[in-house]
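**Q** What follows is a single structure, and I will ask about it in a moment.
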Amino acid sequence: MTDLPLERHEVRGFDGLPIAVHVVGQGRDLMLIHGYFSNAWTNWIRYGHAAKLVEAGFRLILPDLRGHGESAKPHDPAAYPADALTDDNLAVVAHFGLTNYDLGGYSLGARTTVRMLARGANPRRVILSGMGLRGLTQTLDNGGYYTNVLTNLGTFERGTSEWMTEAFLKTTKGDPVALLNILKTFVDTPAEVIAGFRQPTAVICGADDDSNGSAHELADILPDSRYYEVPGSHMNAVTRKELGQAMVDFLTA
């Protein structure tokens, strides 16, 4: 189900740039942040996760990160300071006046969620999907891989990981210059800070996904976590219906 009645809002990011935010549903507020190269529609709406969550009684607040989707995609490196995505999403929280809400994300969205928590965001419950501990404490561990993809487009052998990553970039109509700049915004979060998060947290990861390190290690370090394994790898676990179901199961338990 992809024909949800989305409301499109435009929120000013930390520096005034327009951030597109898609809102759907009624009920408890749940803010979900998509992954790198992706957008809100691809991660949350296309494969039915949003419909499942709306049916479960949530109002979804789904931003497109700067450099992605319908949000601003400046090419000026100055528009991508450290923690820029965190600042933008804290601005979204403030814009909607969110106080009693849940917060989560997939991959880069999970990393941004963690940065928001480290910076003082206080949701009731948290979802970290497609993310392991290493991807939070060593955020540029995969930076070389993505730099290689973004600076050598059109050169990869069909079927390779790089070729599939580039194919995904094409499906989301990603902007390579903006996305390369996004890498400069990454900020590591020390393990001891993560270990201090007190919110009930769902760690959801594909059975074949270790691209951001061990999700089990992340679940183990959090004081109040539940681990959910879903089918798939980093690229395709987000397409599986089990991901949305795990989110519903956690949020409605």
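Scheme for the structure tokens: letters A, B, ... for chains in order shown; per-chain residue numbers from 1; ligand numbers from 1 in order shown.
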If we count only C-alpha atoms and set the cut-off at 12 Å, which residues sit around segment 233-241 of chain A, ignoring sequence neighbours fewer than 6 positions away in its own chain? Please answer as a ChimeraX atom specification.
**A** /A:1,34-38,40-53,105-108,129-132,161-162,164-169,204-213,215,247-248
**Q** For Gly196 of chain A, which of A:Pro176, A:Gly120, A:Val149, A:Val11 is the closest residue, counting only C-alpha atoms?
**A**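 Selected residue with least distance to Gly196 of chain A: A:Gly120.
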**Q** Work out how far apart atom CA of Ile182 of chain A and atom CA of Tyr80 of chain A are and give it in Å to one decimal.
**A**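 According to the coordinates, atom CA of Ile182 of chain A and atom CA of Tyr80 of chain A are separated by 6.3 Å.
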**Q** Find the residues around Thr151 of chain A up to 9 Å (only C-alpha atoms counted), leave out those fewer than 4 positions away in its own chain, and share them as a list of chain:residue names.
**A**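 Contacts, in chain order: A:Tyr146, A:Thr147, A:Pro176, A:Val177, A:Leu180.
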**Q** Go ahead and write the selection's residues with all heavy atoms as a CSV table (one decimal), in the first residue's frame.
**A**
```csv
chain,number,residue,atom,x,y,z
A,146,TYR,N,31.7,4.3,0.0
A,146,TYR,CA,30.7,5.2,-0.6
A,146,TYR,C,31.4,6.3,-1.4
A,146,TYR,O,30.9,6.7,-2.4
A,146,TYR,CB,29.8,5.8,0.5
A,146,TYR,CG,28.8,4.8,1.0
A,146,TYR,CD1,29.0,4.3,2.3
A,146,TYR,CD2,27.8,4.2,0.2
A,146,TYR,CE1,28.1,3.3,2.8
A,146,TYR,CE2,26.9,3.3,0.7
A,146,TYR,CZ,27.1,2.8,2.0
A,146,TYR,OH,26.2,1.9,2.5
A,147,THR,N,32.6,6.7,-0.9
A,147,THR,CA,33.3,7.7,-1.7
A,147,THR,C,33.7,7.1,-3.1
A,147,THR,O,33.6,7.7,-4.1
A,147,THR,CB,34.6,8.2,-1.0
A,147,THR,OG1,34.2,8.8,0.3
A,147,THR,CG2,35.4,9.1,-1.8
A,176,PRO,N,24.8,12.8,-6.5
A,176,PRO,CA,26.1,12.3,-6.0
A,176,PRO,C,26.9,13.3,-5.3
A,176,PRO,O,27.6,13.0,-4.3
A,176,PRO,CB,26.8,11.8,-7.3
A,176,PRO,CG,25.7,11.5,-8.2
A,176,PRO,CD,24.6,12.5,-7.9
A,177,VAL,N,26.8,14.6,-5.7
A,177,VAL,CA,27.6,15.7,-5.1
A,177,VAL,C,27.1,15.9,-3.7
A,177,VAL,O,27.9,16.0,-2.7
A,177,VAL,CB,27.6,16.9,-5.9
A,177,VAL,CG1,28.3,18.1,-5.2
A,177,VAL,CG2,28.2,16.7,-7.3
A,180,LEU,N,28.0,12.9,-1.4
A,180,LEU,CA,29.4,12.9,-1.0
A,180,LEU,C,29.6,13.8,0.2
A,180,LEU,O,30.3,13.5,1.1
A,180,LEU,CB,30.2,13.2,-2.2
A,180,LEU,CG,31.7,12.8,-2.2
A,180,LEU,CD1,31.9,11.3,-2.0
A,180,LEU,CD2,32.4,13.3,-3.5
```
**Q** Given the choices A:Met116, A:Leu98, A:Ala84, A:Leu150, which gets closest to Phe197 of chain A if the distance is worked out from only C-alpha atoms?
**A** A:Met116
**Q** Give me the residues near Glu70 of chain A as a PDB file with all heavy atoms, in the first residue's frame, where near means some atom within 9 Å (using only C-alpha atoms) and where sequence neighbours in that chain fewer than 6 positions away do not count.
**A**
```pdb
ATOM      1  N   PRO A  18      15.349  24.283   3.257  1.00  0.00           N
ATOM      2  CA  PRO A  18      14.081  23.555   3.378  1.00  0.00           C
ATOM      3  C   PRO A  18      14.267  22.051   3.510  1.00  0.00           C
ATOM      4  O   PRO A  18      14.957  21.422   2.711  1.00  0.00           O
ATOM      5  CB  PRO A  18      13.350  23.907   2.085  1.00  0.00           C
ATOM      6  CG  PRO A  18      14.428  24.256   1.106  1.00  0.00           C
ATOM      7  CD  PRO A  18      15.542  24.857   1.905  1.00  0.00           C
ATOM      8  N   ILE A  19      13.632  21.496   4.540  1.00  0.00           N
ATOM      9  CA  ILE A  19      13.617  20.058   4.784  1.00  0.00           C
ATOM     10  C   ILE A  19      12.189  19.573   4.582  1.00  0.00           C
ATOM     11  O   ILE A  19      11.263  20.051   5.244  1.00  0.00           O
ATOM     12  CB  ILE A  19      14.090  19.728   6.213  1.00  0.00           C
ATOM     13  CG1 ILE A  19      15.499  20.285   6.476  1.00  0.00           C
ATOM     14  CG2 ILE A  19      14.039  18.218   6.464  1.00  0.00           C
ATOM     15  CD1 ILE A  19      16.585  19.729   5.577  1.00  0.00           C
ATOM     16  N   ALA A  20      11.995  18.646   3.641  1.00  0.00           N
ATOM     17  CA  ALA A  20      10.654  18.104   3.371  1.00  0.00           C
ATOM     18  C   ALA A  20      10.316  17.059   4.428  1.00  0.00           C
ATOM     19  O   ALA A  20      11.130  16.183   4.736  1.00  0.00           O
ATOM     20  CB  ALA A  20      10.609  17.476   1.982  1.00  0.00           C
ATOM     21  N   VAL A  21       9.116  17.165   4.985  1.00  0.00           N
ATOM     22  CA  VAL A  21       8.654  16.215   5.990  1.00  0.00           C
ATOM     23  C   VAL A  21       7.270  15.719   5.585  1.00  0.00           C
ATOM     24  O   VAL A  21       6.377  16.515   5.297  1.00  0.00           O
ATOM     25  CB  VAL A  21       8.590  16.856   7.395  1.00  0.00           C
ATOM     26  CG1 VAL A  21       8.168  15.820   8.426  1.00  0.00           C
ATOM     27  CG2 VAL A  21       9.929  17.465   7.784  1.00  0.00           C
ATOM     28  N   ASN A  39      15.219   7.811   0.833  1.00  0.00           N
ATOM     29  CA  ASN A  39      14.298   8.900   1.170  1.00  0.00           C
ATOM     30  C   ASN A  39      13.142   8.293   1.948  1.00  0.00           C
ATOM     31  O   ASN A  39      13.032   7.065   2.076  1.00  0.00           O
ATOM     32  CB  ASN A  39      13.815   9.632  -0.097  1.00  0.00           C
ATOM     33  CG  ASN A  39      13.273   8.687  -1.150  1.00  0.00           C
ATOM     34  OD1 ASN A  39      12.383   7.890  -0.885  1.00  0.00           O
ATOM     35  ND2 ASN A  39      13.829   8.746  -2.359  1.00  0.00           N
ATOM     36  N   ASP A  64      12.708  13.849   4.894  1.00  0.00           N
ATOM     37  CA  ASP A  64      13.778  13.561   3.941  1.00  0.00           C
ATOM     38  C   ASP A  64      15.019  14.300   4.435  1.00  0.00           C
ATOM     39  O   ASP A  64      14.980  15.520   4.617  1.00  0.00           O
ATOM     40  CB  ASP A  64      13.425  14.073   2.536  1.00  0.00           C
ATOM     41  CG  ASP A  64      12.418  13.204   1.816  1.00  0.00           C
ATOM     42  OD1 ASP A  64      12.291  12.023   2.155  1.00  0.00           O
ATOM     43  OD2 ASP A  64      11.744  13.730   0.897  1.00  0.00           O
TER      44      ASP A  64
END
```
